[in-house]
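Data block for work-v2.cif (mmCIF, C-alpha atoms; chains and numbers go by the auth columns):
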data_protein
#
loop_
_atom_site.group_PDB
_atom_site.id
_atom_site.type_symbol
_atom_site.label_atom_id
_atom_site.label_comp_id
_atom_site.label_asym_id
_atom_site.label_seq_id
_atom_site.Cartn_x
_atom_site.Cartn_y
_atom_site.Cartn_z
_atom_site.B_iso_or_equiv
_atom_site.auth_seq_id
_atom_site.auth_asym_id
ATOM 1 C CA ALA A 1 -23.366 5.772 69.761 0.00 1 A
ATOM 2 C CA PHE A 2 -22.555 9.464 70.392 0.00 2 A
ATOM 3 C CA ALA A 3 -19.124 11.070 70.657 0.00 3 A
ATOM 4 C CA VAL A 4 -17.022 13.936 69.293 0.00 4 A
ATOM 5 C CA TYR A 5 -14.629 11.785 67.201 0.00 5 A
ATOM 6 C CA GLY A 6 -15.041 8.128 66.307 0.00 6 A
ATOM 7 C CA GLY A 7 -18.567 7.218 67.369 0.00 7 A
ATOM 8 C CA ALA A 8 -17.634 3.569 67.906 0.00 8 A
ATOM 9 C CA VAL A 9 -13.840 3.300 67.558 0.00 9 A
ATOM 10 C CA ALA A 10 -10.998 5.792 68.005 0.00 10 A
ATOM 11 C CA CYS A 11 -8.029 3.946 66.509 0.00 11 A
ATOM 12 C CA GLN A 12 -4.611 4.014 68.093 0.00 12 A
ATOM 13 C CA MET A 13 -1.536 3.053 66.090 0.00 13 A
ATOM 14 C CA ASN A 14 -1.770 -0.266 64.200 0.00 14 A
ATOM 15 C CA THR A 15 -5.380 -0.920 65.161 0.00 15 A
ATOM 16 C CA VAL A 16 -7.230 -3.674 63.265 0.00 16 A
ATOM 17 C CA VAL A 17 -10.994 -3.248 62.847 0.00 17 A
ATOM 18 C CA ARG A 18 -12.469 -6.268 61.085 0.00 18 A
ATOM 19 C CA GLY A 19 -15.848 -7.907 60.559 0.00 19 A
ATOM 20 C CA ASN A 20 -18.130 -5.448 62.349 0.00 20 A
ATOM 21 C CA VAL A 21 -21.398 -3.696 61.587 0.00 21 A
ATOM 22 C CA PHE A 22 -21.466 0.019 62.457 0.00 22 A
ATOM 23 C CA GLU A 23 -24.944 1.538 62.289 0.00 23 A
ATOM 24 C CA ASP A 24 -26.587 4.807 63.322 0.00 24 A
ATOM 25 C CA SER A 25 -23.651 6.345 65.197 0.00 25 A
ATOM 26 C CA TYR A 26 -23.403 10.123 65.432 0.00 26 A
ATOM 27 C CA VAL A 27 -20.534 12.443 66.315 0.00 27 A
ATOM 28 C CA THR A 28 -20.355 16.214 66.383 0.00 28 A
ATOM 29 C CA GLY A 29 -16.775 16.197 65.041 0.00 29 A
ATOM 30 C CA GLY A 30 -15.403 13.633 62.618 0.00 30 A
ATOM 31 C CA GLY A 31 -15.778 9.928 61.932 0.00 31 A
ATOM 32 C CA GLY A 32 -19.335 8.826 62.653 0.00 32 A
ATOM 33 C CA ALA A 33 -18.113 5.272 63.277 0.00 33 A
ATOM 34 C CA ILE A 34 -14.303 5.383 63.277 0.00 34 A
ATOM 35 C CA SER A 35 -11.566 7.934 63.794 0.00 35 A
ATOM 36 C CA GLY A 36 -8.531 6.359 62.130 0.00 36 A
ATOM 37 C CA ASN A 37 -4.828 6.507 62.879 0.00 37 A
ATOM 38 C CA GLU A 38 -1.589 5.349 61.261 0.00 38 A
ATOM 39 C CA GLY A 39 -1.123 1.660 60.740 0.00 39 A
ATOM 40 C CA ALA A 40 -4.853 0.968 60.852 0.00 40 A
ATOM 41 C CA LEU A 41 -6.400 -1.901 58.913 0.00 41 A
ATOM 42 C CA ILE A 42 -10.144 -1.478 58.454 0.00 42 A
ATOM 43 C CA ALA A 43 -11.499 -4.538 56.663 0.00 43 A
ATOM 44 C CA ASN A 44 -14.706 -6.445 55.944 0.00 44 A
ATOM 45 C CA ASN A 45 -17.016 -4.126 57.871 0.00 45 A
ATOM 46 C CA ILE A 46 -20.427 -2.641 57.122 0.00 46 A
ATOM 47 C CA PHE A 47 -20.948 1.087 57.727 0.00 47 A
ATOM 48 C CA ARG A 48 -24.592 2.116 57.508 0.00 48 A
ATOM 49 C CA ARG A 49 -26.375 5.410 58.340 0.00 49 A
ATOM 50 C CA ASN A 50 -23.560 6.856 60.455 0.00 50 A
ATOM 51 C CA ARG A 51 -23.336 10.668 60.695 0.00 51 A
ATOM 52 C CA ALA A 52 -20.747 13.301 61.485 0.00 52 A
ATOM 53 C CA SER A 53 -19.746 16.816 60.514 0.00 53 A
ATOM 54 C CA ARG A 54 -16.784 15.346 58.561 0.00 54 A
ATOM 55 C CA GLY A 55 -16.417 11.750 57.480 0.00 55 A
ATOM 56 C CA GLY A 56 -19.850 10.229 57.976 0.00 56 A
ATOM 57 C CA ALA A 57 -18.341 6.765 58.522 0.00 57 A
ATOM 58 C CA ILE A 58 -14.564 7.294 58.874 0.00 58 A
ATOM 59 C CA ILE A 59 -12.185 10.202 59.278 0.00 59 A
ATOM 60 C CA PHE A 60 -8.400 10.084 59.039 0.00 60 A
ATOM 61 C CA SER A 61 -6.807 13.161 60.570 0.00 61 A
ATOM 62 C CA ASP A 62 -3.160 14.034 61.209 0.00 62 A
ATOM 63 C CA CYS A 63 -1.922 10.530 60.435 0.00 63 A
ATOM 64 C CA SER A 64 1.681 9.915 59.480 0.00 64 A
ATOM 65 C CA GLY A 65 1.794 6.275 58.436 0.00 65 A
ATOM 66 C CA PRO A 66 0.159 3.657 56.200 0.00 66 A
ATOM 67 C CA VAL A 67 -3.554 2.912 56.374 0.00 67 A
ATOM 68 C CA ARG A 68 -5.562 0.228 54.556 0.00 68 A
ATOM 69 C CA VAL A 69 -9.318 0.203 54.043 0.00 69 A
ATOM 70 C CA GLU A 70 -10.438 -2.944 52.225 0.00 70 A
ATOM 71 C CA GLY A 71 -13.544 -5.019 51.636 0.00 71 A
ATOM 72 C CA ASN A 72 -16.027 -2.676 53.330 0.00 72 A
ATOM 73 C CA LEU A 73 -19.579 -1.635 52.490 0.00 73 A
ATOM 74 C CA PHE A 74 -20.399 2.057 53.046 0.00 74 A
ATOM 75 C CA GLU A 75 -24.135 2.664 52.726 0.00 75 A
ATOM 76 C CA GLU A 76 -26.166 5.838 53.390 0.00 76 A
ATOM 77 C CA ASN A 77 -23.654 7.531 55.679 0.00 77 A
ATOM 78 C CA HIS A 78 -23.853 11.327 55.910 0.00 78 A
ATOM 79 C CA ALA A 79 -21.453 14.185 56.605 0.00 79 A
ATOM 80 C CA GLU A 80 -22.827 17.636 57.296 0.00 80 A
ATOM 81 C CA LEU A 81 -19.756 19.120 55.600 0.00 81 A
ATOM 82 C CA PHE A 82 -17.590 16.737 53.533 0.00 82 A
ATOM 83 C CA GLY A 83 -16.747 13.085 53.095 0.00 83 A
ATOM 84 C CA GLY A 84 -20.093 11.314 53.335 0.00 84 A
ATOM 85 C CA ALA A 85 -18.352 7.944 53.689 0.00 85 A
ATOM 86 C CA ILE A 86 -14.646 8.785 54.168 0.00 86 A
ATOM 87 C CA ALA A 87 -12.887 12.060 54.960 0.00 87 A
ATOM 88 C CA VAL A 88 -9.145 12.653 54.987 0.00 88 A
ATOM 89 C CA ASP A 89 -8.110 15.821 56.791 0.00 89 A
ATOM 90 C CA ASN A 90 -4.571 17.157 57.443 0.00 90 A
ATOM 91 C CA PHE A 91 -3.150 13.724 56.644 0.00 91 A
ATOM 92 C CA HIS A 92 0.617 14.281 56.631 0.00 92 A
ATOM 93 C CA ILE A 93 1.762 11.324 54.586 0.00 93 A
ATOM 94 C CA PHE A 94 3.595 10.732 51.348 0.00 94 A
ATOM 95 C CA LEU A 95 3.309 8.425 48.340 0.00 95 A
ATOM 96 C CA ASP A 96 0.625 5.721 48.476 0.00 96 A
ATOM 97 C CA GLU A 97 0.159 5.424 52.232 0.00 97 A
ATOM 98 C CA LEU A 98 -3.664 5.397 52.182 0.00 98 A
ATOM 99 C CA LYS A 99 -4.927 2.418 50.210 0.00 99 A
ATOM 100 C CA LEU A 100 -8.580 1.675 49.577 0.00 100 A
ATOM 101 C CA SER A 101 -9.395 -1.581 47.823 0.00 101 A
ATOM 102 C CA ASN A 102 -12.541 -3.596 47.064 0.00 102 A
ATOM 103 C CA ASN A 103 -14.881 -1.243 48.884 0.00 103 A
ATOM 104 C CA THR A 104 -18.465 -0.479 47.873 0.00 104 A
ATOM 105 C CA LEU A 105 -19.570 3.111 48.543 0.00 105 A
ATOM 106 C CA ILE A 106 -23.254 3.569 47.769 0.00 106 A
ATOM 107 C CA LYS A 107 -25.768 6.366 48.492 0.00 107 A
ATOM 108 C CA ASN A 108 -23.575 8.287 50.921 0.00 108 A
ATOM 109 C CA THR A 109 -24.253 12.017 51.190 0.00 109 A
ATOM 110 C CA ALA A 110 -22.357 15.173 52.100 0.00 110 A
ATOM 111 C CA GLY A 111 -23.503 18.725 52.691 0.00 111 A
ATOM 112 C CA THR A 112 -20.765 20.375 50.652 0.00 112 A
ATOM 113 C CA SER A 113 -18.321 17.979 48.969 0.00 113 A
ATOM 114 C CA GLY A 114 -17.407 14.360 48.347 0.00 114 A
ATOM 115 C CA GLY A 115 -20.303 12.096 49.225 0.00 115 A
ATOM 116 C CA GLY A 116 -18.007 9.120 48.690 0.00 116 A
ATOM 117 C CA ILE A 117 -14.451 10.264 49.499 0.00 117 A
ATOM 118 C CA HIS A 118 -13.175 13.744 50.347 0.00 118 A
ATOM 119 C CA SER A 119 -9.553 14.725 50.927 0.00 119 A
ATOM 120 C CA SER A 120 -8.816 18.199 52.229 0.00 120 A
ATOM 121 C CA GLY A 121 -5.372 17.706 53.732 0.00 121 A
ATOM 122 C CA SER A 122 -1.932 18.485 52.366 0.00 122 A
ATOM 123 C CA TRP A 123 0.586 16.162 50.682 0.00 123 A
ATOM 124 C CA ILE A 124 -1.807 13.260 50.512 0.00 124 A
ATOM 125 C CA TRP A 125 -1.559 10.394 48.053 0.00 125 A
ATOM 126 C CA ILE A 126 -4.526 8.029 48.061 0.00 126 A
ATOM 127 C CA ASN A 127 -4.807 4.849 45.986 0.00 127 A
ATOM 128 C CA VAL A 128 -8.313 3.618 45.174 0.00 128 A
ATOM 129 C CA THR A 129 -8.447 0.197 43.477 0.00 129 A
ATOM 130 C CA ASN A 130 -11.232 -2.320 42.767 0.00 130 A
ATOM 131 C CA CYS A 131 -13.847 -0.038 44.330 0.00 131 A
ATOM 132 C CA ILE A 132 -17.392 0.923 43.366 0.00 132 A
ATOM 133 C CA LEU A 133 -18.561 4.495 44.018 0.00 133 A
ATOM 134 C CA TRP A 134 -22.169 5.003 42.967 0.00 134 A
ATOM 135 C CA GLU A 135 -25.048 7.345 43.831 0.00 135 A
ATOM 136 C CA ASN A 136 -23.018 9.367 46.318 0.00 136 A
ATOM 137 C CA SER A 137 -24.002 13.046 46.498 0.00 137 A
ATOM 138 C CA GLN A 138 -21.801 16.111 45.912 0.00 138 A
ATOM 139 C CA GLY A 139 -19.372 14.112 43.808 0.00 139 A
ATOM 140 C CA GLN A 140 -18.089 10.568 44.194 0.00 140 A
ATOM 141 C CA ILE A 141 -14.540 11.778 44.980 0.00 141 A
ATOM 142 C CA ARG A 142 -13.286 15.274 45.776 0.00 142 A
ATOM 143 C CA HIS A 143 -9.766 16.351 46.741 0.00 143 A
ATOM 144 C CA GLY A 144 -7.723 19.469 47.340 0.00 144 A
ATOM 145 C CA ALA A 145 -5.083 20.952 45.067 0.00 145 A
ATOM 146 C CA VAL A 146 -2.145 19.515 47.025 0.00 146 A
ATOM 147 C CA SER A 147 -3.493 15.993 47.376 0.00 147 A
ATOM 148 C CA VAL A 148 -3.588 13.265 44.730 0.00 148 A
ATOM 149 C CA VAL A 149 -6.143 10.491 44.325 0.00 149 A
ATOM 150 C CA VAL A 150 -5.128 7.686 41.966 0.00 150 A
ATOM 151 C CA VAL A 151 -8.078 5.520 40.922 0.00 151 A
ATOM 152 C CA ARG A 152 -7.583 2.218 39.075 0.00 152 A
ATOM 153 C CA PHE A 153 -9.894 -0.637 38.098 0.00 153 A
ATOM 154 C CA SER A 154 -12.900 0.971 39.768 0.00 154 A
ATOM 155 C CA ASP A 155 -16.471 1.824 38.791 0.00 155 A
ATOM 156 C CA VAL A 156 -16.982 5.532 39.447 0.00 156 A
ATOM 157 C CA GLN A 157 -20.279 7.162 38.543 0.00 157 A
ATOM 158 C CA GLY A 158 -19.588 10.076 36.234 0.00 158 A
ATOM 159 C CA GLY A 159 -16.187 8.636 35.321 0.00 159 A
ATOM 160 C CA TRP A 160 -12.639 9.032 36.592 0.00 160 A
ATOM 161 C CA ALA A 161 -9.451 8.887 34.551 0.00 161 A
ATOM 162 C CA GLY A 162 -7.270 5.876 35.257 0.00 162 A
ATOM 163 C CA GLU A 163 -6.312 2.383 34.151 0.00 163 A
ATOM 164 C CA GLY A 164 -9.229 -0.026 33.991 0.00 164 A
ATOM 165 C CA ASN A 165 -11.838 2.418 35.316 0.00 165 A
ATOM 166 C CA ILE A 166 -15.435 2.238 34.124 0.00 166 A
ATOM 167 C CA ASN A 167 -18.571 4.357 34.439 0.00 167 A
ATOM 168 C CA ALA A 168 -21.435 1.893 34.239 0.00 168 A
ATOM 169 C CA ASP A 169 -24.397 0.808 36.360 0.00 169 A
ATOM 170 C CA PRO A 170 -22.957 -1.846 38.724 0.00 170 A
ATOM 171 C CA ARG A 171 -26.229 -3.805 38.651 0.00 171 A
ATOM 172 C CA PHE A 172 -26.625 -4.396 42.374 0.00 172 A
ATOM 173 C CA ASP A 173 -29.204 -6.582 44.027 0.00 173 A
ATOM 174 C CA ALA A 174 -30.956 -5.419 47.222 0.00 174 A
ATOM 175 C CA ALA A 175 -27.994 -6.523 49.386 0.00 175 A
ATOM 176 C CA TRP A 176 -25.403 -4.681 47.211 0.00 176 A
ATOM 177 C CA HIS A 177 -24.097 -7.879 45.685 0.00 177 A
ATOM 178 C CA LEU A 178 -23.435 -7.889 41.949 0.00 178 A
ATOM 179 C CA LYS A 179 -26.060 -9.387 39.675 0.00 179 A
ATOM 180 C CA ALA A 180 -25.318 -11.530 36.658 0.00 180 A
ATOM 181 C CA GLY A 181 -24.263 -9.314 33.785 0.00 181 A
ATOM 182 C CA SER A 182 -22.703 -6.647 35.984 0.00 182 A
ATOM 183 C CA PRO A 183 -19.817 -4.803 34.293 0.00 183 A
ATOM 184 C CA CYS A 184 -17.956 -5.088 37.609 0.00 184 A
ATOM 185 C CA LEU A 185 -17.552 -8.865 37.318 0.00 185 A
ATOM 186 C CA ASP A 186 -14.001 -10.129 36.689 0.00 186 A
ATOM 187 C CA ALA A 187 -12.843 -6.543 36.168 0.00 187 A
ATOM 188 C CA GLY A 188 -10.390 -5.859 39.008 0.00 188 A
ATOM 189 C CA ASP A 189 -6.685 -6.036 39.787 0.00 189 A
ATOM 190 C CA GLY A 190 -6.023 -9.392 41.401 0.00 190 A
ATOM 191 C CA ASN A 191 -2.629 -8.301 42.674 0.00 191 A
ATOM 192 C CA ILE A 192 -4.335 -5.782 44.971 0.00 192 A
ATOM 193 C CA ALA A 193 -7.387 -7.777 46.069 0.00 193 A
ATOM 194 C CA SER A 194 -7.362 -10.112 49.046 0.00 194 A
ATOM 195 C CA GLN A 195 -7.891 -13.817 48.322 0.00 195 A
ATOM 196 C CA LYS A 196 -11.408 -13.693 49.789 0.00 196 A
ATOM 197 C CA ASP A 197 -14.144 -11.080 49.727 0.00 197 A
ATOM 198 C CA ALA A 198 -15.823 -9.294 52.650 0.00 198 A
ATOM 199 C CA GLU A 199 -17.938 -12.366 53.419 0.00 199 A
ATOM 200 C CA GLY A 200 -15.043 -14.818 53.267 0.00 200 A
ATOM 201 C CA LYS A 201 -15.921 -16.112 49.798 0.00 201 A
ATOM 202 C CA PRO A 202 -13.117 -16.962 47.342 0.00 202 A
ATOM 203 C CA ARG A 203 -12.522 -15.142 44.081 0.00 203 A
ATOM 204 C CA PHE A 204 -14.554 -16.738 41.298 0.00 204 A
ATOM 205 C CA ASP A 205 -13.857 -16.801 37.564 0.00 205 A
ATOM 206 C CA ASP A 206 -17.268 -16.479 35.930 0.00 206 A
ATOM 207 C CA PRO A 207 -17.195 -18.628 32.763 0.00 207 A
ATOM 208 C CA ASN A 208 -19.816 -16.371 31.156 0.00 208 A
ATOM 209 C CA VAL A 209 -17.741 -13.203 31.563 0.00 209 A
ATOM 210 C CA VAL A 210 -14.742 -12.062 29.539 0.00 210 A
ATOM 211 C CA ASN A 211 -12.058 -11.161 32.058 0.00 211 A
ATOM 212 C CA THR A 212 -11.154 -7.472 31.794 0.00 212 A
ATOM 213 C CA GLY A 213 -9.084 -7.435 34.967 0.00 213 A
ATOM 214 C CA VAL A 214 -5.357 -7.828 35.439 0.00 214 A
ATOM 215 C CA GLY A 215 -2.990 -9.460 37.906 0.00 215 A
ATOM 216 C CA ASN A 216 -3.131 -12.823 39.581 0.00 216 A
ATOM 217 C CA PRO A 217 -5.938 -13.677 39.426 0.00 217 A
ATOM 218 C CA ASP A 218 -7.277 -11.543 36.586 0.00 218 A
ATOM 219 C CA PHE A 219 -10.926 -12.198 37.519 0.00 219 A
ATOM 220 C CA THR A 220 -11.404 -10.291 40.773 0.00 220 A
ATOM 221 C CA ASP A 221 -14.779 -8.552 40.990 0.00 221 A
ATOM 222 C CA LEU A 222 -15.028 -4.875 41.880 0.00 222 A
ATOM 223 C CA GLY A 223 -16.556 -3.903 45.209 0.00 223 A
ATOM 224 C CA ALA A 224 -16.821 -5.669 48.531 0.00 224 A
ATOM 225 C CA TYR A 225 -18.631 -8.825 47.401 0.00 225 A
ATOM 226 C CA GLU A 226 -17.520 -11.477 44.908 0.00 226 A
ATOM 227 C CA ARG A 227 -20.275 -13.038 42.851 0.00 227 A
ATOM 228 C CA GLN A 228 -20.259 -16.830 43.185 0.00 228 A
ATOM 229 C CA GLY A 229 -21.419 -18.482 39.990 0.00 229 A
ATOM 230 C CA ARG A 230 -25.141 -19.123 39.906 0.00 230 A
ATOM 231 C CA GLN A 231 -25.851 -17.495 43.266 0.00 231 A
ATOM 232 C CA ALA A 232 -29.368 -16.195 43.843 0.00 232 A
ATOM 233 C CA ASP A 233 -29.769 -12.426 43.698 0.00 233 A
ATOM 234 C CA SER A 234 -31.303 -10.798 46.771 0.00 234 A
ATOM 235 C CA GLY A 235 -34.520 -8.837 46.475 0.00 235 A
ATOM 236 C CA ILE A 236 -35.474 -9.743 42.894 0.00 236 A
#
Would you kindly transcribe this structure into C-alpha cells?
Amino acid sequence: AFAVYGGAVACQMNTVVRGNVFEDSYVTGGGGAISGNEGALIANNIFRRNRASRGGAIIFSDCSGPVRVEGNLFEENHAELFGGAIAVDNFHIFLDELKLSNNTLIKNTAGTSGGGIHSSGSWIWINVTNCILWENSQGQIRHGAVSVVVVRFSDVQGGWAGEGNINADPRFDAAWHLKAGSPCLDAGDGNIASQKDAEGKPRFDDPNVVNTGVGNPDFTDLGAYERQGRQADSGI
C-alpha cells in the first residue's frame, strides 16, 4: 500500500484493529501501516517490513485519549527518521494513556533515533509492560525531555531501569516464539497481560521454570507469544 499517513489504516476514534498482517506498506509521512488515534486498540497483529518517514509501522500524532497496543509482532519495519516500529509525535495526553503490553519488537530500524519506540511529543506518559525489544537500531527506546516512558517486566537489549526488567537474549526460534530456556518465560506481569496470547493460546505455567513474574497469573511470558509446554521450536 502507498499513502501519506497510515498505509493501510487511518484510525478514527475508538478504532479496533485486531488479527491482521500488515506487510510492505510505504508512506511518505508517518505510520507505514497505521496512523493511530485516541481510543484505538491495536491487538494481535503482525507488522512486517513497513516503511515511513516516522513510525515505520505505527504513528500516533496529536491524540488526546487512551490507546492500547497489545500482543503484536513488529519485525523489520523501517523509519527514515525515527520510530522504526512505533513513533509518538505531539501526543497531547497525560498519565498512562498509551499502554503497550506483550509486544515483540525485533530488528526494526530507524535513520536517526528509536528503532523500537520513539517519542518526540510533549507531556507524554507511555507504559511498556511484558514487551521484548531486541536488535532494533538507533536505540531500543528513545524519548524527549518532556515525555516519560515507564518500562516494567520487559526484556530490553542494553537494559532499561524498571521493576522486573531484564537484558538477556530472548532465545527466539525462527518464528519469534520463545525457545525452552528463554529468560522471558514466566517473567511478566499477569495483571497487565490478556488471558490469551497473540495466537489465542492460553497462558502456560512452565513446570521447568521458576516464576519471576508477578500478578495473577504470575507466569505470563514476555512478548507476543506464550510458549506452550513441549511445543516444537520453529526453524531448528
With 10 Å as the cut-off and all atoms listed in the file counted, what is the closest atom pair between each nearby residue of stretch 14-108 of chain A and stretch 170-191 of chain A? Distances in Å to one decimal, ordered by chain and number, as a tab-separated table.
residue	atom	partner	partner_atom	distance
A:Leu73	CA	A:Trp176	CA	8.4
A:Glu75	CA	A:Trp176	CA	9.3
A:Ser101	CA	A:Asp189	CA	9.6
A:Asn102	CA	A:Gly188	CA	8.6
A:Thr104	CA	A:Trp176	CA	8.1
A:Leu105	CA	A:Trp176	CA	9.8
A:Ile106	CA	A:Trp176	CA	8.5
Kindly list the centre and edge lengths in Å, rounded to one decimal, for the axis-aligned box that covers all listed atoms of stretch 48-54 of chain A plus 4 Å on each of its six sides, as JSON.
{"center_x": -21.6, "center_y": 9.5, "center_z": 59.5, "size_x": 17.6, "size_y": 22.7, "size_z": 12.0}
Quick one: contact table of stretch 67-173 of chain A to stretch 215-228 of chain A, 8 Å max, nearest atom pair and distance in Å to one decimal per residue, counting all atoms listed in the file, chain and number order, as a Markdown table?
| residue | atom | partner | partner_atom | distance |
| --- | --- | --- | --- | --- |
| A:Glu70 | CA | A:Ala224 | CA | 7.9 |
| A:Gly71 | CA | A:Ala224 | CA | 4.6 |
| A:Asn72 | CA | A:Ala224 | CA | 5.7 |
| A:Leu73 | CA | A:Ala224 | CA | 6.3 |
| A:Ser101 | CA | A:Gly223 | CA | 8.0 |
| A:Asn102 | CA | A:Gly223 | CA | 4.4 |
| A:Asn103 | CA | A:Gly223 | CA | 4.8 |
| A:Thr104 | CA | A:Gly223 | CA | 4.7 |
| A:Asn130 | CA | A:Leu222 | CA | 4.7 |
| A:Cys131 | CA | A:Gly223 | CA | 4.8 |
| A:Ile132 | CA | A:Gly223 | CA | 5.2 |
| A:Phe153 | CA | A:Leu222 | CA | 7.7 |
| A:Ser154 | CA | A:Leu222 | CA | 6.6 |
| A:Asp155 | CA | A:Leu222 | CA | 7.5 |
What is the atom CA of A:Pro207-atom CA of A:Ile166 distance in Å, reported with one decimal?
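Computing it gives 21.0 Å between the two atoms.
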Expected residue set, 7 Å radius at (-16.5, -5.5, 58.7), only C-alpha atoms, as an mmCIF file with C-alpha atoms, in the coordinates of the input:
data_model
loop_
_atom_site.group_PDB
_atom_site.id
_atom_site.type_symbol
_atom_site.label_atom_id
_atom_site.label_comp_id
_atom_site.auth_asym_id
_atom_site.auth_seq_id
_atom_site.Cartn_x
_atom_site.Cartn_y
_atom_site.Cartn_z
ATOM 1 C CA ARG A 18 -12.469 -6.268 61.085
ATOM 2 C CA GLY A 19 -15.848 -7.907 60.559
ATOM 3 C CA ASN A 20 -18.130 -5.448 62.349
ATOM 4 C CA VAL A 21 -21.398 -3.696 61.587
ATOM 5 C CA ALA A 43 -11.499 -4.538 56.663
ATOM 6 C CA ASN A 44 -14.706 -6.445 55.944
ATOM 7 C CA ASN A 45 -17.016 -4.126 57.871
ATOM 8 C CA ILE A 46 -20.427 -2.641 57.122
ATOM 9 C CA ASN A 72 -16.027 -2.676 53.330
#
Go ahead and compute the interatomic distance for atom CA of A:Gly36 and atom CA of A:Ser53, in Å to one decimal.
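That distance, rounded to one decimal, is 15.4 Å.
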Output of the PyMOL selection byres ((chain A and resi 57) around 10), listed as a VMD selection string
chain A and resid 6 to 8 22 to 27 30 to 35 46 to 52 54 to 56 58 to 59 74 to 79 83 to 87 108
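Note that atom CA of A:Ile42 and atom CA of A:Lys201 are 18.0 Å apart.
By all atoms listed in the file, and with residues fewer than 6 positions from A:Ser119 along its chain excluded, the set lying at most 7 Å from it is Ala87, Val88, Asp89, Arg142, His143 and Gly144 of chain A.
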Could you please take those selected residues and save C-alpha atoms as a compact mmCIF listing (two decimals), keeping the file's coordinate frame?
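Final output, saved to again.txt:
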# COMPACT_ATOMS: atom_id res chain seq x y z
CA ALA A 87 -12.89 12.06 54.96
CA VAL A 88 -9.14 12.65 54.99
CA ASP A 89 -8.11 15.82 56.79
CA ARG A 142 -13.29 15.27 45.78
CA HIS A 143 -9.77 16.35 46.74
CA GLY A 144 -7.72 19.47 47.34
Give as an MDAnalysis selection string the set of residues within 12 Å of the point (-5.5, 16.8, 44.8), where distances use the file's coordinates and all atoms listed in the file.
chainID A and resid 88 118:126 141:150
Would you list the contacts of A:Ala40 as an MDAnalysis selection string, taking every protein, DNA or RNA residue within 6 Å and counting all atoms listed in the file, but skipping same-chain residues closer than 2 positions in sequence?
chainID A and resid 14:16 37:38 67
Run the PyMOL selection byres ((chain A and resi 163) around 8) on the file and write out the hits as a list in words.
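Those residues are Val151, Arg152, Phe153, Ala161, Gly162, Gly164 and Asn165 of chain A.
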Taking into account all atoms listed in the file, which residue in the set A:Glu80, A:Asp205, A:Glu135, A:Glu199 is nearest to A:Ala168?
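Smallest separation from A:Ala168 among the options: A:Glu135.
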